[in-house]
>>> print(open('query-v3.cif').read())   # mmCIF, C-alpha atoms
data_input
#
loop_
_atom_site.label_atom_id
_atom_site.label_comp_id
_atom_site.auth_asym_id
_atom_site.auth_seq_id
_atom_site.Cartn_x
_atom_site.Cartn_y
_atom_site.Cartn_z
CA MET A 87 10.75 225.04 0.05
CA THR A 88 10.88 223.63 -3.48
CA TYR A 89 13.20 220.79 -4.40
CA GLU A 90 14.66 220.37 -7.87
CA LEU A 91 14.05 216.63 -7.71
CA LEU A 92 10.32 217.17 -7.14
CA ASN A 93 9.69 219.70 -9.93
CA GLY A 94 6.40 219.08 -11.70
CA LEU A 95 4.95 216.85 -8.99
CA THR A 96 1.61 217.74 -7.49
CA SER A 97 1.80 218.88 -3.90
CA ALA A 98 0.20 215.58 -2.85
CA GLU A 99 2.87 213.62 -4.74
CA ALA A 100 5.64 215.79 -3.32
CA ASP A 101 4.31 215.27 0.19
CA GLU A 102 4.18 211.51 -0.38
CA VAL A 103 7.79 211.46 -1.55
CA LEU A 104 8.96 213.69 1.29
CA GLY A 105 7.07 211.41 3.67
CA LEU A 106 9.38 208.59 2.65
CA GLY A 107 12.39 210.57 3.86
CA THR A 108 14.14 211.10 7.13
CA ARG A 109 15.37 214.52 8.20
CA LEU A 110 18.99 214.63 9.25
CA LEU A 111 21.07 217.37 10.84
CA VAL A 112 24.66 217.48 9.64
CA PRO A 113 26.92 219.53 11.92
CA ALA A 114 29.29 221.97 10.22
CA GLY A 115 32.32 220.18 8.85
CA THR A 116 30.76 216.73 9.27
CA GLU A 117 30.81 214.29 6.38
CA LEU A 118 27.48 213.16 5.02
CA PHE A 119 29.18 210.46 2.95
CA ARG A 120 32.63 209.63 1.63
CA LEU A 121 33.86 208.72 -1.81
CA GLY A 122 33.51 204.96 -2.31
CA ASP A 123 30.85 204.48 0.37
CA PRO A 124 27.82 202.37 -0.60
CA ALA A 125 25.15 204.76 -1.86
CA ASP A 126 21.74 203.68 -0.66
CA ARG A 127 20.25 207.12 0.08
CA LEU A 128 20.07 210.37 -1.79
CA PHE A 129 19.61 213.68 -0.03
CA LEU A 130 17.56 216.80 -0.59
CA THR A 131 19.26 219.82 0.93
CA GLU A 132 16.82 221.67 3.16
CA ARG A 133 19.11 224.11 4.95
CA GLY A 134 22.78 225.04 4.81
CA ARG A 135 25.23 224.05 2.13
CA ILE A 136 26.90 220.77 1.27
CA ARG A 137 30.43 220.82 -0.14
CA LEU A 138 31.36 218.14 -2.63
CA THR A 139 35.05 217.31 -2.80
CA LEU A 140 37.45 214.93 -4.48
CA PRO A 141 40.84 213.82 -3.13
CA MET A 142 43.93 215.24 -4.79
CA GLN A 143 47.64 215.02 -4.00
CA VAL A 144 48.87 218.47 -3.06
CA ARG A 145 52.54 218.76 -2.05
CA GLY A 146 52.64 215.08 -1.21
CA ARG A 147 49.53 215.24 0.94
CA GLU A 148 46.04 214.04 0.10
CA GLU A 149 43.66 216.97 0.27
CA ASP A 150 39.94 217.18 -0.34
CA ILE A 151 39.62 219.57 -3.24
CA PHE A 152 36.44 221.57 -3.66
CA VAL A 153 34.38 220.47 -6.65
CA GLU A 154 30.90 221.85 -6.14
CA GLU A 155 28.55 223.18 -3.49
CA ARG A 156 24.87 222.29 -3.19
CA SER A 157 22.36 224.79 -1.84
CA PRO A 158 18.91 224.35 -0.27
CA GLY A 159 16.51 222.70 -2.71
CA GLN A 160 19.28 220.90 -4.58
CA THR A 161 20.01 217.18 -4.68
CA VAL A 162 23.07 215.41 -3.29
CA GLY A 163 24.05 211.80 -3.78
CA TRP A 164 22.20 210.69 -6.88
CA SER A 165 24.62 207.76 -7.04
CA ALA A 166 22.02 206.08 -4.82
CA LEU A 167 19.84 205.62 -7.92
CA ILE A 168 22.62 204.89 -10.44
CA PRO A 169 24.59 201.61 -10.50
CA PRO A 170 27.01 200.61 -9.04
CA TYR A 171 25.50 202.55 -6.13
CA ARG A 172 28.76 203.97 -4.82
CA PHE A 173 29.39 207.61 -3.98
CA THR A 174 31.94 209.18 -6.32
CA LEU A 175 32.51 212.30 -4.21
CA THR A 176 32.76 213.22 -0.56
CA ALA A 177 29.97 215.40 0.84
CA THR A 178 30.54 217.60 3.89
CA ALA A 179 28.40 220.22 5.59
CA SER A 180 29.93 223.63 4.96
CA LEU A 181 30.63 226.27 7.57
CA GLN A 182 27.20 225.96 9.18
CA GLU A 183 25.00 223.05 10.19
CA ALA A 184 23.05 221.59 7.30
CA LYS A 185 19.67 219.93 7.29
CA VAL A 186 18.88 217.31 4.67
CA ILE A 187 16.10 214.88 3.85
CA ALA A 188 17.46 211.38 3.28
CA LEU A 189 15.52 209.26 0.78
CA SER A 190 16.37 205.57 0.75
CA ARG A 191 16.55 203.78 -2.60
CA GLU A 192 14.19 200.88 -1.93
CA PRO A 193 11.19 202.89 -0.64
CA LEU A 194 11.67 205.29 -3.57
CA ARG A 195 11.66 202.42 -6.08
CA GLU A 196 8.55 200.97 -4.52
CA TYR A 197 6.89 204.38 -4.73
CA PHE A 198 7.92 204.77 -8.39
CA ALA A 199 6.51 201.32 -9.17
CA ALA A 200 3.22 202.20 -7.49
CA ASN A 201 3.11 205.76 -8.94
CA PRO A 202 4.77 205.61 -12.37
CA ALA A 203 3.68 209.11 -13.38
CA ALA A 204 5.38 210.63 -10.35
CA GLY A 205 8.34 208.29 -10.84
CA TYR A 206 8.68 209.47 -14.44
CA LYS A 207 8.75 213.13 -13.39
CA ILE A 208 11.37 212.41 -10.72
CA ALA A 209 13.44 210.43 -13.23
CA LEU A 210 13.32 213.40 -15.63
CA ASN A 211 14.35 215.77 -12.83
CA LEU A 212 17.20 213.44 -11.94
CA ALA A 213 18.29 213.44 -15.59
CA VAL A 214 18.38 217.26 -15.49
CA VAL A 215 20.55 217.19 -12.36
CA ILE A 216 22.94 214.60 -13.81
CA GLY A 217 22.96 216.21 -17.24
CA HIS A 218 23.79 219.60 -15.79
CA ARG A 219 26.69 218.13 -13.83
CA LEU A 220 27.94 216.40 -16.98
CA GLN A 221 27.73 219.54 -19.11
CA LEU A 222 29.33 221.65 -16.43
CA PHE A 223 32.28 219.35 -15.97
CA GLN A 224 32.84 218.66 -19.64
CA THR A 225 33.01 222.42 -20.17
CA MET A 226 35.45 222.83 -17.30
CA TRP A 227 37.49 219.90 -18.60
CA VAL A 228 37.81 221.29 -22.12
CA ARG A 229 38.80 224.71 -20.76
CA GLU A 230 41.56 223.10 -18.68
CA MET A 231 42.68 221.07 -21.69
CA GLN A 232 42.74 224.20 -23.82
CA ARG A 233 45.01 225.88 -21.26
CA THR A 234 47.29 222.85 -21.18
CA VAL A 235 47.54 222.86 -24.97
CA GLU A 236 48.37 226.57 -24.95
CA VAL A 237 51.09 226.10 -22.34
CA ARG A 238 52.63 223.19 -24.26
CA SER A 239 52.51 225.06 -27.53
CA VAL A 240 54.59 227.94 -26.25
CA MET B 279 150.14 174.29 33.64
CA GLU B 280 147.45 175.30 36.11
CA MET B 281 146.72 178.34 33.99
CA LEU B 282 146.34 176.20 30.88
CA LEU B 283 143.91 173.85 32.62
CA MET B 284 141.90 176.81 33.94
CA GLY B 285 141.65 178.26 30.40
CA LEU B 286 140.62 174.90 29.01
CA CYS B 287 137.85 174.49 31.62
CA MET B 288 136.58 177.97 30.96
CA SER B 289 136.52 177.29 27.24
CA VAL B 290 134.63 174.01 27.70
CA PHE B 291 132.17 175.77 30.04
CA GLY B 292 131.62 178.59 27.57
CA LEU B 293 131.13 176.16 24.74
CA GLY B 294 128.53 174.30 26.80
CA ILE B 295 126.64 177.52 27.53
CA ALA B 296 126.72 178.45 23.85
CA ALA B 297 125.45 175.00 22.87
CA LEU B 298 122.56 175.25 25.37
CA ALA B 299 121.63 178.70 24.11
CA PHE B 300 121.71 177.54 20.51
CA GLY B 301 119.57 174.48 21.33
CA ALA B 302 116.96 176.63 23.10
CA ALA B 303 116.78 179.07 20.22
CA THR B 304 116.32 176.45 17.53
CA ARG B 305 113.65 174.53 19.59
CA SER B 306 111.35 177.55 19.93
CA GLU B 307 111.60 178.33 16.21
CA SER B 308 110.71 174.79 15.17
CA SER B 309 107.72 174.64 17.53
CA ASN B 310 106.40 178.00 16.19
CA SER B 311 106.49 176.75 12.61
CA LYS B 312 103.92 173.98 13.31
CA PRO B 313 100.49 175.26 12.01
CA ASN B 314 98.37 173.09 14.27
CA ALA B 315 99.98 174.36 17.37
CA GLN B 316 98.85 177.93 16.68
CA PRO B 317 96.04 179.02 19.01
CA ALA B 318 92.71 179.87 17.37
CA LEU B 319 92.34 183.60 16.78
CA PRO B 320 89.12 185.34 17.85
CA LEU B 321 86.82 186.26 14.97
CA VAL B 322 86.98 189.84 13.97
CA GLN B 323 83.79 191.53 14.86
CA ALA B 324 82.27 194.13 12.62
CA VAL B 325 83.62 197.36 13.77
CA ALA B 326 82.61 200.87 13.10
CA PRO B 327 84.70 202.70 10.59
CA ALA B 328 87.63 204.36 12.10
CA HIS B 329 87.19 208.00 12.92
CA PHE B 330 89.68 210.54 13.80
CA PHE B 331 88.87 212.47 16.94
CA SER B 332 86.30 209.82 17.84
CA ASP B 333 85.79 211.27 21.28
CA ARG B 334 83.93 214.16 19.69
CA VAL B 335 80.19 214.02 19.14
CA ALA B 336 79.48 212.91 15.61
CA ALA B 337 77.68 215.49 13.53
CA PRO B 338 74.17 214.37 12.35
CA PRO B 339 73.80 213.63 8.65
CA PRO B 340 72.84 216.70 6.72
CA VAL B 341 69.05 217.05 6.35
CA PRO B 342 67.92 218.53 3.07
CA PRO B 343 66.17 221.79 3.78
CA ALA B 344 62.38 221.80 3.41
CA PRO B 345 61.39 223.30 0.09
CA ALA B 346 60.43 226.88 0.48
CA TRP B 347 56.93 227.01 -0.97
CA PRO B 348 55.85 230.39 -2.19
CA VAL B 349 52.51 230.12 -0.33
CA PRO B 350 51.28 228.05 2.63
CA ILE B 351 49.19 225.02 1.72
CA GLU B 352 46.03 226.56 3.23
CA VAL B 353 46.39 229.51 0.90
CA LEU B 354 47.06 227.20 -2.02
CA LEU B 355 43.90 225.19 -1.26
CA LEU B 356 41.89 228.40 -1.12
CA GLN B 357 43.36 229.46 -4.45
CA ILE B 358 42.35 226.11 -5.95
CA GLU B 359 38.82 226.46 -4.56
CA ASN B 360 38.51 229.98 -5.93
CA HIS B 361 39.79 228.75 -9.28
CA VAL B 362 37.19 225.95 -9.36
CA ARG B 363 34.42 228.40 -8.46
CA MET B 364 35.50 230.81 -11.18
CA GLU B 365 35.74 228.04 -13.73
CA GLN B 366 32.29 226.80 -12.76
CA ALA B 367 30.91 230.28 -13.23
CA ALA B 368 32.57 230.42 -16.66
CA ALA B 369 31.14 226.99 -17.53
CA GLU B 370 27.68 228.09 -16.37
CA SER B 371 27.95 231.14 -18.65
CA PHE B 372 28.86 228.87 -21.53
CA LEU B 373 25.93 226.54 -20.84
CA ALA B 374 23.54 229.52 -20.69
CA CYS B 375 24.85 230.78 -24.04
CA PRO B 376 26.99 228.14 -25.75
CA THR B 377 29.42 229.83 -28.13
CA HIS B 378 33.07 229.21 -29.02
CA ALA B 379 33.99 232.54 -27.50
CA GLN B 380 32.30 231.67 -24.20
CA LEU B 381 33.89 228.24 -24.13
CA HIS B 382 37.41 229.56 -24.51
CA SER B 383 37.07 232.88 -22.76
CA LYS B 384 40.20 233.72 -20.83
CA THR B 385 39.95 233.11 -17.15
CA SER B 386 40.90 235.80 -14.71
CA SER B 387 41.69 233.21 -12.06
CA PRO B 388 45.04 234.13 -10.46
CA PHE B 389 45.71 230.43 -9.95
CA VAL B 390 46.63 229.98 -13.61
CA ASN B 391 47.72 233.51 -14.46
#
>>> encode(input="query-v3.cif", output="structure tokens")
Amino acid sequence: MTYELLNGLTSAEADEVLGLGTRLLVPAGTELFRLGDPADRLFLTERGRIRLTLPMQVRGREEDIFVEERSPGQTVGWSALIPPYRFTLTATASLQEAKVIALSREPLREYFAANPAAGYKIALNLAVVIGHRLQLFQTMWVREMQRTVEVRSV
Amino acid sequence: MEMLLMGLCMSVFGLGIAALAFGAATRSESSNSKPNAQPALPLVQAVAPAHFFSDRVAAPPPVPPAPAWPVPIEVLLLQIENHVRMEQAAAESFLACPTHAQLHSKTSSPFVN
């Protein structure tokens, strides 16, 4: 299994980072974290899929609306490394049980301080993950805006 | 003579009866006109509005009918999810090859068409 957050690390470095983590089983439909929760751990998806949702009012009811799905190897919960350390989405195991590796912020920071080269690579990988999310959602946002403009112009 | 005396007595008796009746009538009127002597009336309690045929069961207030949505909410949520997935795929295509045409390519998502 390769993890996007550990791209470019030597196998020894990757093993050291993974050794900091705790493996968790998330039963299908169970929340890994909720929007607004304190974010002190990020997660590497090892098995199954994690749905990311945001609340939206639908017909007067609050519903969790699908935003994105993370597959094995992908990262969930990078808010744990970005102030103010609060989750901005809700993460739930999809239709089947998921397995994740939870990495706590403080041990990671200590490892980065002791191994700056590995920390730099992980920081770059994290930037790729965050940057991709940003580009994806700005594209989706402008497409929705374009549709709104077209509807209002009719 | 006897007849005259009998008529006079009867007249005096009738006059006395009339005077008594008059006195009784005027006494009750004067006592009724005194405001302080009137007994205190009970306070009127709030009462329900009068209804005709009140022995019948009152009909419940009309409830506005639930809006008839064209699709159940579960279906709507699935449509939204499919729309998000399709839009993500379109955004991924744009990021792989960023052009104006890719950015504003028409979606085939039934949610907005």
>>> resolve_selection(input="query-v3.cif", expression="the PyMOL selection byres ((chain B) within 7 of (chain A))", output="ChimeraX atom specification")
/B:359,362,365-366,369-370,381-382
>>> atom_distance(input="query-v3.cif", atom1="atom CA of Ala296 of chain B", atom2="atom CA of Met284 of chain B")
18.3 Å
>>> residues_around(input="query-v3.cif", residues="Phe198 of chain A", least_positions_apart="4", cutoff="10 Å", atoms="only C-alpha atoms", output="PyMOL selection string")
chain A and resi 103+192-194+202-209
>>> atom_distance(input="query-v3.cif", atom1="atom CA of Arg135 of chain A", atom2="atom CA of Thr96 of chain A")
26.3 Å
>>> axis_aligned_box(input="query-v3.cif", around="segment 94-104 of chain A", padding_each_side="5 Å", output="JSON")
{"center_x": 4.6, "center_y": 215.3, "center_z": -5.2, "size_x": 18.8, "size_y": 17.6, "size_z": 23.0}
>>> residues_around(input="query-v3.cif", residues="Ala179 of chain A", least_positions_apart="4", cutoff="8 Å", atoms="only C-alpha atoms", output="PyMOL selection string")
chain A and resi 112-118+134-137+183-184
>>> residues_near_point(input="query-v3.cif", point="(8.0, 205.4, 4.4)", cutoff="12 Å", atoms="all atoms listed in the file", output="list in words")
Asp101, Glu102, Val103, Leu104, Gly105, Leu106, Gly107, Thr108, Ala188, Leu189, Ser190, Arg191, Glu192, Pro193, Leu194, Arg195, Glu196 and Tyr197 of chain A
>>> closest_residue(input="query-v3.cif", among="A:Glu236, A:Met231, A:Asn211, A:Ile187", to="Leu95 of chain A", atoms="only C-alpha atoms")
A:Asn211
>>> resolve_selection(input="query-v3.cif", expression="the PyMOL selection byres ((chain A and resi 158) around 12)", output="number ranges by chain")
A: 87-91, 129-136, 155-157, 159-162, 179, 184-187
>>> closest_residue(input="query-v3.cif", among="B:Leu283, B:Ala379, B:Thr385, B:Leu354", to="Ala367 of chain B", atoms="all atoms listed in the file")
B:Thr385
>>> atom_distance(input="query-v3.cif", atom1="atom CA of Ala125 of chain A", atom2="atom CA of Pro169 of chain A")
9.2 Å
>>> residues_around(input="query-v3.cif", residues="Phe389 of chain B", least_positions_apart="5", cutoff="7 Å", atoms="all atoms listed in the file", output="ChimeraX atom specification")
/B:357-358,361
>>> decode(input="query-v3.cif", residues="segment 166-179 of chain A", atoms="C-alpha atoms", output="short mmCIF file (atom, residue, chain, number, x, y, z; two decimals), in the first residue's frame")
data_model
loop_
_atom_site.label_atom_id
_atom_site.label_comp_id
_atom_site.auth_asym_id
_atom_site.auth_seq_id
_atom_site.Cartn_x
_atom_site.Cartn_y
_atom_site.Cartn_z
CA ALA A 166 -5.18 18.40 12.04
CA LEU A 167 -2.06 20.13 10.67
CA ILE A 168 -3.67 23.45 9.68
CA PRO A 169 -4.84 26.06 12.22
CA PRO A 170 -7.36 26.45 13.79
CA TYR A 171 -7.29 22.64 13.99
CA ARG A 172 -11.01 22.11 13.49
CA PHE A 173 -12.57 19.70 11.02
CA THR A 174 -14.47 21.52 8.28
CA LEU A 175 -16.29 18.44 6.97
CA THR A 176 -17.88 15.32 8.37
CA ALA A 177 -16.18 12.02 7.53
CA THR A 178 -18.12 8.75 7.52
CA ALA A 179 -17.21 5.23 6.49
#
